[in-house]
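See below for model-v1.pdb, which holds PDB, C-alpha atoms, pLDDT in the B column.
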ATOM      1  CA  THR A  32      26.502  17.590   2.068  1.00 44.00           C
ATOM      2  CA  MET A  33      28.567  16.868  -1.017  1.00 45.00           C
ATOM      3  CA  VAL A  34      28.733  20.165  -2.894  1.00 46.00           C
ATOM      4  CA  ASN A  35      29.725  20.814  -6.477  1.00 47.00           C
ATOM      5  CA  MET A  36      31.871  23.763  -7.600  1.00 48.00           C
ATOM      6  CA  CYS A  37      29.100  26.356  -7.564  1.00 57.00           C
ATOM      7  CA  GLY A  38      27.893  25.598  -4.034  1.00 62.00           C
ATOM      8  CA  MET A  39      24.888  23.505  -4.964  1.00 65.00           C
ATOM      9  CA  PRO A  40      24.371  20.207  -3.103  1.00 70.00           C
ATOM     10  CA  LEU A  41      24.269  17.150  -5.343  1.00 75.00           C
ATOM     11  CA  ASN A  42      21.650  15.478  -3.137  1.00 82.00           C
ATOM     12  CA  GLY A  43      18.539  16.958  -1.620  1.00 82.00           C
ATOM     13  CA  ALA A  44      14.731  17.134  -1.643  1.00 86.00           C
ATOM     14  CA  PHE A  45      14.641  14.241   0.825  1.00 92.00           C
ATOM     15  CA  ASP A  46      11.336  15.292   2.418  1.00 93.00           C
ATOM     16  CA  ASP A  47       9.711  15.465  -1.012  1.00 93.00           C
ATOM     17  CA  GLN A  48      11.102  12.096  -2.106  1.00 94.00           C
ATOM     18  CA  LEU A  49       9.974  10.457   1.133  1.00 96.00           C
ATOM     19  CA  ALA A  50       6.473  11.907   0.679  1.00 95.00           C
ATOM     20  CA  VAL A  51       6.307  10.348  -2.798  1.00 96.00           C
ATOM     21  CA  LEU A  52       7.553   7.032  -1.408  1.00 97.00           C
ATOM     22  CA  ALA A  53       4.779   7.189   1.214  1.00 96.00           C
ATOM     23  CA  ALA A  54       2.193   7.839  -1.523  1.00 96.00           C
ATOM     24  CA  LEU A  55       3.487   4.955  -3.653  1.00 96.00           C
ATOM     25  CA  ARG A  56       4.280   2.437  -0.918  1.00 96.00           C
ATOM     26  CA  PRO A  57       2.592   3.433   2.350  1.00 95.00           C
ATOM     27  CA  GLU A  58       3.775   0.185   3.935  1.00 95.00           C
ATOM     28  CA  ALA A  59       7.471   0.978   3.301  1.00 96.00           C
ATOM     29  CA  ARG A  60       9.356   1.328   6.576  1.00 96.00           C
ATOM     30  CA  ARG A  61      12.895   0.030   6.036  1.00 96.00           C
ATOM     31  CA  LEU A  62      15.149   2.133   3.828  1.00 97.00           C
ATOM     32  CA  LEU A  63      18.660   1.321   2.717  1.00 97.00           C
ATOM     33  CA  THR A  64      21.457   3.497   1.398  1.00 97.00           C
ATOM     34  CA  ILE A  65      25.144   2.952   0.778  1.00 96.00           C
ATOM     35  CA  PHE A  66      27.477   5.934   0.836  1.00 96.00           C
ATOM     36  CA  ASN A  67      31.096   7.050   0.910  1.00 94.00           C
ATOM     37  CA  PRO A  68      31.577   8.614   4.365  1.00 94.00           C
ATOM     38  CA  ARG A  69      34.402  10.837   3.097  1.00 91.00           C
ATOM     39  CA  ARG A  70      31.941  12.577   0.788  1.00 88.00           C
ATOM     40  CA  LEU A  71      28.417  12.007   1.970  1.00 92.00           C
ATOM     41  CA  GLY A  72      28.432  11.778   5.759  1.00 92.00           C
ATOM     42  CA  PRO A  73      26.569  15.108   6.123  1.00 91.00           C
ATOM     43  CA  THR A  74      24.152  14.080   3.349  1.00 92.00           C
ATOM     44  CA  VAL A  75      23.238  10.901   5.221  1.00 95.00           C
ATOM     45  CA  ARG A  76      22.717  13.006   8.338  1.00 94.00           C
ATOM     46  CA  ASP A  77      20.287  15.202   6.323  1.00 93.00           C
ATOM     47  CA  LEU A  78      18.495  12.086   5.054  1.00 96.00           C
ATOM     48  CA  ARG A  79      18.205  10.762   8.622  1.00 95.00           C
ATOM     49  CA  GLN A  80      16.694  14.101   9.695  1.00 94.00           C
ATOM     50  CA  ALA A  81      14.106  13.875   6.920  1.00 94.00           C
ATOM     51  CA  ILE A  82      13.268  10.325   8.005  1.00 94.00           C
ATOM     52  CA  HIS A  83      12.994  11.243  11.675  1.00 91.00           C
ATOM     53  CA  GLY A  84       9.380  11.277  12.811  1.00 83.00           C
ATOM     54  CA  ARG A  85       8.043   9.411   9.750  1.00 93.00           C
ATOM     55  CA  GLY A  86       8.167   5.998  11.366  1.00 89.00           C
ATOM     56  CA  LEU A  87      10.902   4.881   8.974  1.00 95.00           C
ATOM     57  CA  GLU A  88      14.200   3.159   9.606  1.00 96.00           C
ATOM     58  CA  LEU A  89      17.379   3.867   7.639  1.00 97.00           C
ATOM     59  CA  LYS A  90      20.265   1.437   7.357  1.00 97.00           C
ATOM     60  CA  ALA A  91      23.197   3.394   5.955  1.00 97.00           C
ATOM     61  CA  TYR A  92      26.294   1.408   5.066  1.00 97.00           C
ATOM     62  CA  PRO A  93      29.547   3.338   4.642  1.00 97.00           C
ATOM     63  CA  VAL A  94      31.803   2.091   1.829  1.00 96.00           C
ATOM     64  CA  ARG A  95      34.751   3.666   0.046  1.00 94.00           C
ATOM     65  CA  SER A  96      34.965   1.738  -3.237  1.00 93.00           C
ATOM     66  CA  VAL A  97      32.922  -0.159  -5.799  1.00 92.00           C
ATOM     67  CA  GLU A  98      34.527  -3.389  -4.546  1.00 93.00           C
ATOM     68  CA  ALA A  99      33.350  -2.615  -1.011  1.00 95.00           C
ATOM     69  CA  LEU A 100      29.914  -1.778  -2.442  1.00 94.00           C
ATOM     70  CA  SER A 101      29.741  -5.270  -3.945  1.00 92.00           C
ATOM     71  CA  ALA A 102      30.776  -6.858  -0.656  1.00 94.00           C
ATOM     72  CA  VAL A 103      28.070  -4.991   1.276  1.00 95.00           C
ATOM     73  CA  LEU A 104      25.394  -5.804  -1.315  1.00 94.00           C
ATOM     74  CA  SER A 105      26.404  -9.476  -1.164  1.00 92.00           C
ATOM     75  CA  SER A 106      26.041  -9.486   2.607  1.00 94.00           C
ATOM     76  CA  LEU A 107      22.528  -8.002   2.645  1.00 93.00           C
ATOM     77  CA  ARG A 108      19.243  -9.865   2.664  1.00 86.00           C
ATOM     78  CA  GLU A 109      16.942  -8.141   0.230  1.00 78.00           C
ATOM     79  CA  ASP A 110      13.851  -9.015   2.260  1.00 82.00           C
ATOM     80  CA  ASP A 111      15.178  -6.796   5.064  1.00 91.00           C
ATOM     81  CA  PHE A 112      14.453  -3.604   3.072  1.00 96.00           C
ATOM     82  CA  ASP A 113      11.543  -1.886   1.330  1.00 96.00           C
ATOM     83  CA  ALA A 114      13.433   0.767  -0.629  1.00 96.00           C
ATOM     84  CA  PHE A 115      16.955   1.747  -1.634  1.00 97.00           C
ATOM     85  CA  PHE A 116      17.696   5.475  -1.587  1.00 95.00           C
ATOM     86  CA  LEU A 117      20.400   6.196  -4.186  1.00 95.00           C
ATOM     87  CA  LEU A 118      22.573   9.164  -3.236  1.00 94.00           C
ATOM     88  CA  LEU A 119      24.621  10.767  -5.970  1.00 87.00           C
ATOM     89  CA  ASP A 120      28.275   9.880  -5.706  1.00 89.00           C
ATOM     90  CA  PRO A 121      30.029   9.520  -9.074  1.00 83.00           C
ATOM     91  CA  ASP A 122      32.881   7.462  -7.615  1.00 84.00           C
ATOM     92  CA  LEU A 123      30.613   4.887  -6.005  1.00 90.00           C
ATOM     93  CA  PHE A 124      27.654   4.831  -8.390  1.00 90.00           C
ATOM     94  CA  GLY A 125      29.136   5.182 -11.829  1.00 89.00           C
ATOM     95  CA  ILE A 126      28.090   2.633 -14.439  1.00 91.00           C
ATOM     96  CA  GLU A 127      29.667  -0.342 -12.658  1.00 93.00           C
ATOM     97  CA  GLY A 128      28.326   0.528  -9.212  1.00 93.00           C
ATOM     98  CA  PHE A 129      24.843   1.262 -10.540  1.00 95.00           C
ATOM     99  CA  GLU A 130      24.763  -2.029 -12.460  1.00 95.00           C
ATOM    100  CA  ARG A 131      25.706  -3.898  -9.291  1.00 94.00           C
ATOM    101  CA  LEU A 132      22.902  -2.109  -7.452  1.00 95.00           C
ATOM    102  CA  LEU A 133      20.426  -3.059 -10.196  1.00 95.00           C
ATOM    103  CA  ARG A 134      21.487  -6.716  -9.922  1.00 94.00           C
ATOM    104  CA  PHE A 135      20.871  -6.520  -6.162  1.00 94.00           C
ATOM    105  CA  THR A 136      17.375  -5.025  -6.501  1.00 94.00           C
ATOM    106  CA  ALA A 137      16.331  -7.171  -9.501  1.00 90.00           C
ATOM    107  CA  ASN A 138      13.646  -9.709  -8.615  1.00 80.00           C
ATOM    108  CA  THR A 139      13.216  -8.294  -5.103  1.00 90.00           C
ATOM    109  CA  GLU A 140      10.501  -6.173  -3.561  1.00 94.00           C
ATOM    110  CA  ILE A 141      12.929  -3.267  -3.064  1.00 96.00           C
ATOM    111  CA  ALA A 142      11.893   0.010  -4.696  1.00 96.00           C
ATOM    112  CA  LEU A 143      14.908   1.850  -6.122  1.00 97.00           C
ATOM    113  CA  ILE A 144      14.613   5.607  -5.586  1.00 96.00           C
ATOM    114  CA  VAL A 145      16.946   7.410  -8.012  1.00 94.00           C
ATOM    115  CA  PRO A 146      17.782  11.092  -8.609  1.00 90.00           C
ATOM    116  CA  ASP A 147      17.199  11.334 -12.378  1.00 90.00           C
ATOM    117  CA  PRO A 148      14.789  10.060 -15.059  1.00 92.00           C
ATOM    118  CA  SER A 149      17.703   8.506 -16.987  1.00 91.00           C
ATOM    119  CA  LEU A 150      18.269   6.191 -14.019  1.00 93.00           C
ATOM    120  CA  VAL A 151      14.571   5.328 -13.997  1.00 94.00           C
ATOM    121  CA  GLU A 152      14.932   4.284 -17.644  1.00 95.00           C
ATOM    122  CA  ALA A 153      17.950   2.194 -16.665  1.00 94.00           C
ATOM    123  CA  GLY A 154      15.947   0.260 -14.057  1.00 95.00           C
ATOM    124  CA  GLY A 155      15.158   2.531 -11.107  1.00 96.00           C
ATOM    125  CA  THR A 156      11.635   2.537  -9.714  1.00 97.00           C
ATOM    126  CA  PHE A 157      11.020   6.275  -9.504  1.00 96.00           C
ATOM    127  CA  SER A 158      12.640   9.685  -9.366  1.00 94.00           C
ATOM    128  CA  TYR A 159      11.260  12.819  -7.775  1.00 93.00           C
ATOM    129  CA  GLY A 160      13.511  15.842  -7.899  1.00 88.00           C
ATOM    130  CA  PRO A 161      15.088  18.314 -10.264  1.00 84.00           C
ATOM    131  CA  GLY A 162      17.038  15.752 -12.308  1.00 80.00           C
ATOM    132  CA  PHE A 163      20.480  16.201 -13.814  1.00 76.00           C
ATOM    133  CA  ARG A 164      19.392  18.616 -16.555  1.00 81.00           C
ATOM    134  CA  GLU A 165      17.740  21.071 -14.163  1.00 75.00           C
ATOM    135  CA  MET A 166      20.612  20.743 -11.684  1.00 75.00           C
ATOM    136  CA  GLY A 167      23.070  21.718 -14.435  1.00 77.00           C
ATOM    137  CA  ALA A 168      20.863  24.601 -15.581  1.00 77.00           C
ATOM    138  CA  TYR A 169      20.463  25.768 -11.989  1.00 74.00           C
ATOM    139  CA  ALA A 170      24.224  25.628 -11.436  1.00 76.00           C
ATOM    140  CA  GLY A 171      24.652  27.645 -14.635  1.00 81.00           C
ATOM    141  CA  ARG A 172      22.221  30.286 -13.373  1.00 79.00           C
ATOM    142  CA  LEU A 173      24.123  30.532 -10.088  1.00 78.00           C
ATOM    143  CA  ILE A 174      27.448  30.882 -11.898  1.00 79.00           C
ATOM    144  CA  GLU A 175      25.983  33.494 -14.255  1.00 84.00           C
ATOM    145  CA  ARG A 176      24.902  35.546 -11.223  1.00 80.00           C
ATOM    146  CA  LEU A 177      28.453  35.367  -9.883  1.00 81.00           C
ATOM    147  CA  PHE A 178      30.159  36.278 -13.174  1.00 84.00           C
ATOM    148  CA  SER A 179      27.734  39.111 -13.892  1.00 89.00           C
ATOM    149  CA  GLY A 180      28.394  40.636 -10.479  1.00 86.00           C
ATOM    150  CA  ALA A 181      24.759  40.214  -9.403  1.00 86.00           C
ATOM    151  CA  ALA A 182      25.879  38.092  -6.444  1.00 81.00           C
ATOM    152  CA  GLU A 183      28.915  37.194  -4.401  1.00 81.00           C
ATOM    153  CA  PRO A 184      29.662  33.570  -3.484  1.00 75.00           C
ATOM    154  CA  ALA A 185      28.731  34.264   0.146  1.00 75.00           C
ATOM    155  CA  ASP A 186      25.315  35.513  -1.027  1.00 75.00           C
ATOM    156  CA  LEU A 187      24.417  32.174  -2.598  1.00 72.00           C
ATOM    157  CA  GLY A 188      25.065  29.722   0.230  1.00 69.00           C
ATOM    158  CA  HIS A 189      24.010  26.118  -0.352  1.00 69.00           C
ATOM    159  CA  ARG A 190      20.872  25.901  -2.437  1.00 71.00           C
ATOM    160  CA  PHE A 191      19.159  22.921  -3.957  1.00 74.00           C
ATOM    161  CA  PRO A 192      16.897  23.494  -6.966  1.00 76.00           C
ATOM    162  CA  THR A 193      13.203  23.716  -6.137  1.00 78.00           C
ATOM    163  CA  ALA A 194      12.018  22.112  -9.402  1.00 83.00           C
ATOM    164  CA  ARG A 195      10.494  18.647  -8.958  1.00 88.00           C
ATOM    165  CA  ASN A 196       9.718  16.153 -11.684  1.00 91.00           C
ATOM    166  CA  PHE A 197       8.127  12.760 -11.083  1.00 95.00           C
ATOM    167  CA  THR A 198       9.215   9.907 -13.317  1.00 94.00           C
ATOM    168  CA  TYR A 199       8.428   6.257 -12.796  1.00 97.00           C
ATOM    169  CA  ASN A 200       9.279   2.986 -14.454  1.00 97.00           C
ATOM    170  CA  PRO A 201       5.989   1.319 -15.496  1.00 96.00           C
ATOM    171  CA  ALA A 202       7.526  -2.166 -15.608  1.00 95.00           C
ATOM    172  CA  GLU A 203       9.056  -1.796 -12.141  1.00 96.00           C
ATOM    173  CA  THR A 204       5.990  -0.244 -10.538  1.00 96.00           C
ATOM    174  CA  GLN A 205       3.833  -3.022 -11.989  1.00 95.00           C
ATOM    175  CA  ARG A 206       6.296  -5.686 -10.826  1.00 95.00           C
ATOM    176  CA  LEU A 207       6.271  -4.189  -7.311  1.00 95.00           C
ATOM    177  CA  GLY A 208       2.472  -3.809  -7.256  1.00 95.00           C
ATOM    178  CA  ILE A 209       2.656  -0.017  -7.027  1.00 96.00           C
ATOM    179  CA  THR A 210      -0.311   2.015  -8.193  1.00 94.00           C
ATOM    180  CA  ILE A 211       0.471   5.586  -9.220  1.00 95.00           C
ATOM    181  CA  PRO A 212      -1.900   8.015  -7.484  1.00 92.00           C
ATOM    182  CA  PRO A 213      -3.621  10.471  -9.865  1.00 90.00           C
ATOM    183  CA  GLU A 214      -2.095  13.482  -8.078  1.00 88.00           C
ATOM    184  CA  LEU A 215       1.382  12.328  -9.171  1.00 87.00           C
TER     185      LEU A 215
END

Let me see the structure of the file written as structure tokens.
Amino acid sequence: TMVNMCGMPLNGAFDDQLAVLAALRPEARRLLTIFNPRRLGPTVRDLRQAIHGRGLELKAYPVRSVEALSAVLSSLREDDFDAFFLLLDPDLFGIEGFERLLRFTANTEIALIVPDPSLVEAGGTFSYGPGFREMGAYAGRLIERLFSGAAEPADLGHRFPTARNFTYNPAETQRLGITIPPEL
């Protein structure tokens, strides 16, 4: 798992996100992700574990640059996938990489699962997780515990925030024929 400086994974809550995908698109079976294997190999393994037993298939394409990202996206047939699972990787999915991903998913039936409401506003389909703001606040709380002497680094381990916020893009959900269940 790609970890930031305070020991918090940048990606997580896969079981929760997959449960929301199942509620929004019960027919979704074929998931796609693109990742940098130098950074996110263990994260993809965690995602595969979450998928295991759900009747889903994950195609995970390893790439190491935005140029390679474009080449992989160009080689894919969009009708082969139901959803794209965006994993946080600032080198691969900065502005340019994210825009290329949006061009790939535009006018397709692929739901774009993103980690933050700001990416939903930018064109993602939905987000279900702590979001960037809570992740930063959580990291700050962990660091405060370390600096105050309330905890040692070994005490913290790898923790992902437990907060979950659901955000969806009304235009995208309508375009994809997704109805938002009342419980969400």

Pick out the residues sitting within 12 Å of Ala59 of chain A, and hand them over as a ChimeraX atom specification; count all atoms listed in the file, and ignore anything fewer than 6 positions along from it in its own chain. /A:49-53,82,85-89,110-115,140-142,207,209

Hits of the PyMOL selection byres ((chain A and resi 103-105) around 10) in this structure, as a PDB file with C-alpha atoms, keeping the file's coordinate frame:
ATOM      1  CA  ILE A  65      25.144   2.952   0.778  1.00 96.00           C
ATOM      2  CA  TYR A  92      26.294   1.408   5.066  1.00 97.00           C
ATOM      3  CA  PRO A  93      29.547   3.338   4.642  1.00 97.00           C
ATOM      4  CA  VAL A  94      31.803   2.091   1.829  1.00 96.00           C
ATOM      5  CA  VAL A  97      32.922  -0.159  -5.799  1.00 92.00           C
ATOM      6  CA  GLU A  98      34.527  -3.389  -4.546  1.00 93.00           C
ATOM      7  CA  ALA A  99      33.350  -2.615  -1.011  1.00 95.00           C
ATOM      8  CA  LEU A 100      29.914  -1.778  -2.442  1.00 94.00           C
ATOM      9  CA  SER A 101      29.741  -5.270  -3.945  1.00 92.00           C
ATOM     10  CA  ALA A 102      30.776  -6.858  -0.656  1.00 94.00           C
ATOM     11  CA  SER A 106      26.041  -9.486   2.607  1.00 94.00           C
ATOM     12  CA  LEU A 107      22.528  -8.002   2.645  1.00 93.00           C
ATOM     13  CA  ARG A 108      19.243  -9.865   2.664  1.00 86.00           C
ATOM     14  CA  GLU A 109      16.942  -8.141   0.230  1.00 78.00           C
ATOM     15  CA  ARG A 131      25.706  -3.898  -9.291  1.00 94.00           C
ATOM     16  CA  LEU A 132      22.902  -2.109  -7.452  1.00 95.00           C
ATOM     17  CA  ARG A 134      21.487  -6.716  -9.922  1.00 94.00           C
ATOM     18  CA  PHE A 135      20.871  -6.520  -6.162  1.00 94.00           C
ATOM     19  CA  THR A 136      17.375  -5.025  -6.501  1.00 94.00           C
TER      20      THR A 136
END

Set up a box along x, y and z of the file covering all listed atoms of segment 210-214 of chain A, add 8 Å on every one of the six sides, and write the centre and edge lengths in Å to one decimal, as AutoDock Vina command-line options.
--center_x -1.6 --center_y 7.7 --center_z -8.7 --size_x 20.1 --size_y 27.5 --size_z 18.4

Please, which residues in segment 38-88 of chain A fall within 9 Å of segment 152-161 of chain A when counting only C-alpha atoms, and what is the closest atom pair and distance in Å to one decimal for each, ordered by chain then residue number, as a Markdown table?
| residue | atom | partner | partner_atom | distance |
| --- | --- | --- | --- | --- |
| A:Gly43 | CA | A:Gly160 | CA | 8.1 |
| A:Ala44 | CA | A:Gly160 | CA | 6.5 |
| A:Phe45 | CA | A:Gly160 | CA | 8.9 |
| A:Asp47 | CA | A:Tyr159 | CA | 7.4 |
| A:Gln48 | CA | A:Tyr159 | CA | 5.7 |
| A:Val51 | CA | A:Tyr159 | CA | 7.4 |
| A:Leu52 | CA | A:Phe157 | CA | 8.8 |

Resolved residues for the PyMOL selection byres ((chain A and resi 118-122) around 9) as an MDAnalysis selection string: chainID A and resid 33 41:43 64:67 70:71 74:75 95:97 116:117 123:126 128 145:146

A:Leu78, A:Glu58, A:Asp147, A:Met166: which is nearest Tyr199 of chain A, counting all atoms listed in the file? A:Asp147

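Atom CA of Glu175 of chain A is positioned 27.5 Å from atom CA of Pro73 of chain A.
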
Kindly indicate which residue among A:Pro201, A:Glu130, A:Lys90, A:Ile211 lies nearest to Leu63 of chain A, using all atoms listed in the file for the distances. A:Lys90

Which distance in Å separates atom CA of Phe197 of chain A and atom CA of Ala170 of chain A, to one decimal?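 Computing the Euclidean distance for atom CA of Phe197 of chain A and atom CA of Ala170 of chain A yields 20.6 Å.
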
Quick one: of A:Pro57, A:Gly84, A:Pro148, A:Pro212, who's nearest to Thr198 of chain A, counting all atoms listed in the file?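 Nearest candidate to Thr198 of chain A out of A:Pro57, A:Gly84, A:Pro148, A:Pro212: A:Pro148.
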
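Reported to one decimal place, the separation of atom CA of Ala54 of chain A from atom CA of Gly208 of chain A is 13.0 Å.
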
Could you check which of A:Arg56, A:Arg190, A:Arg195, A:Arg206 is closest to Pro40 of chain A, using all atoms listed in the file? A:Arg190
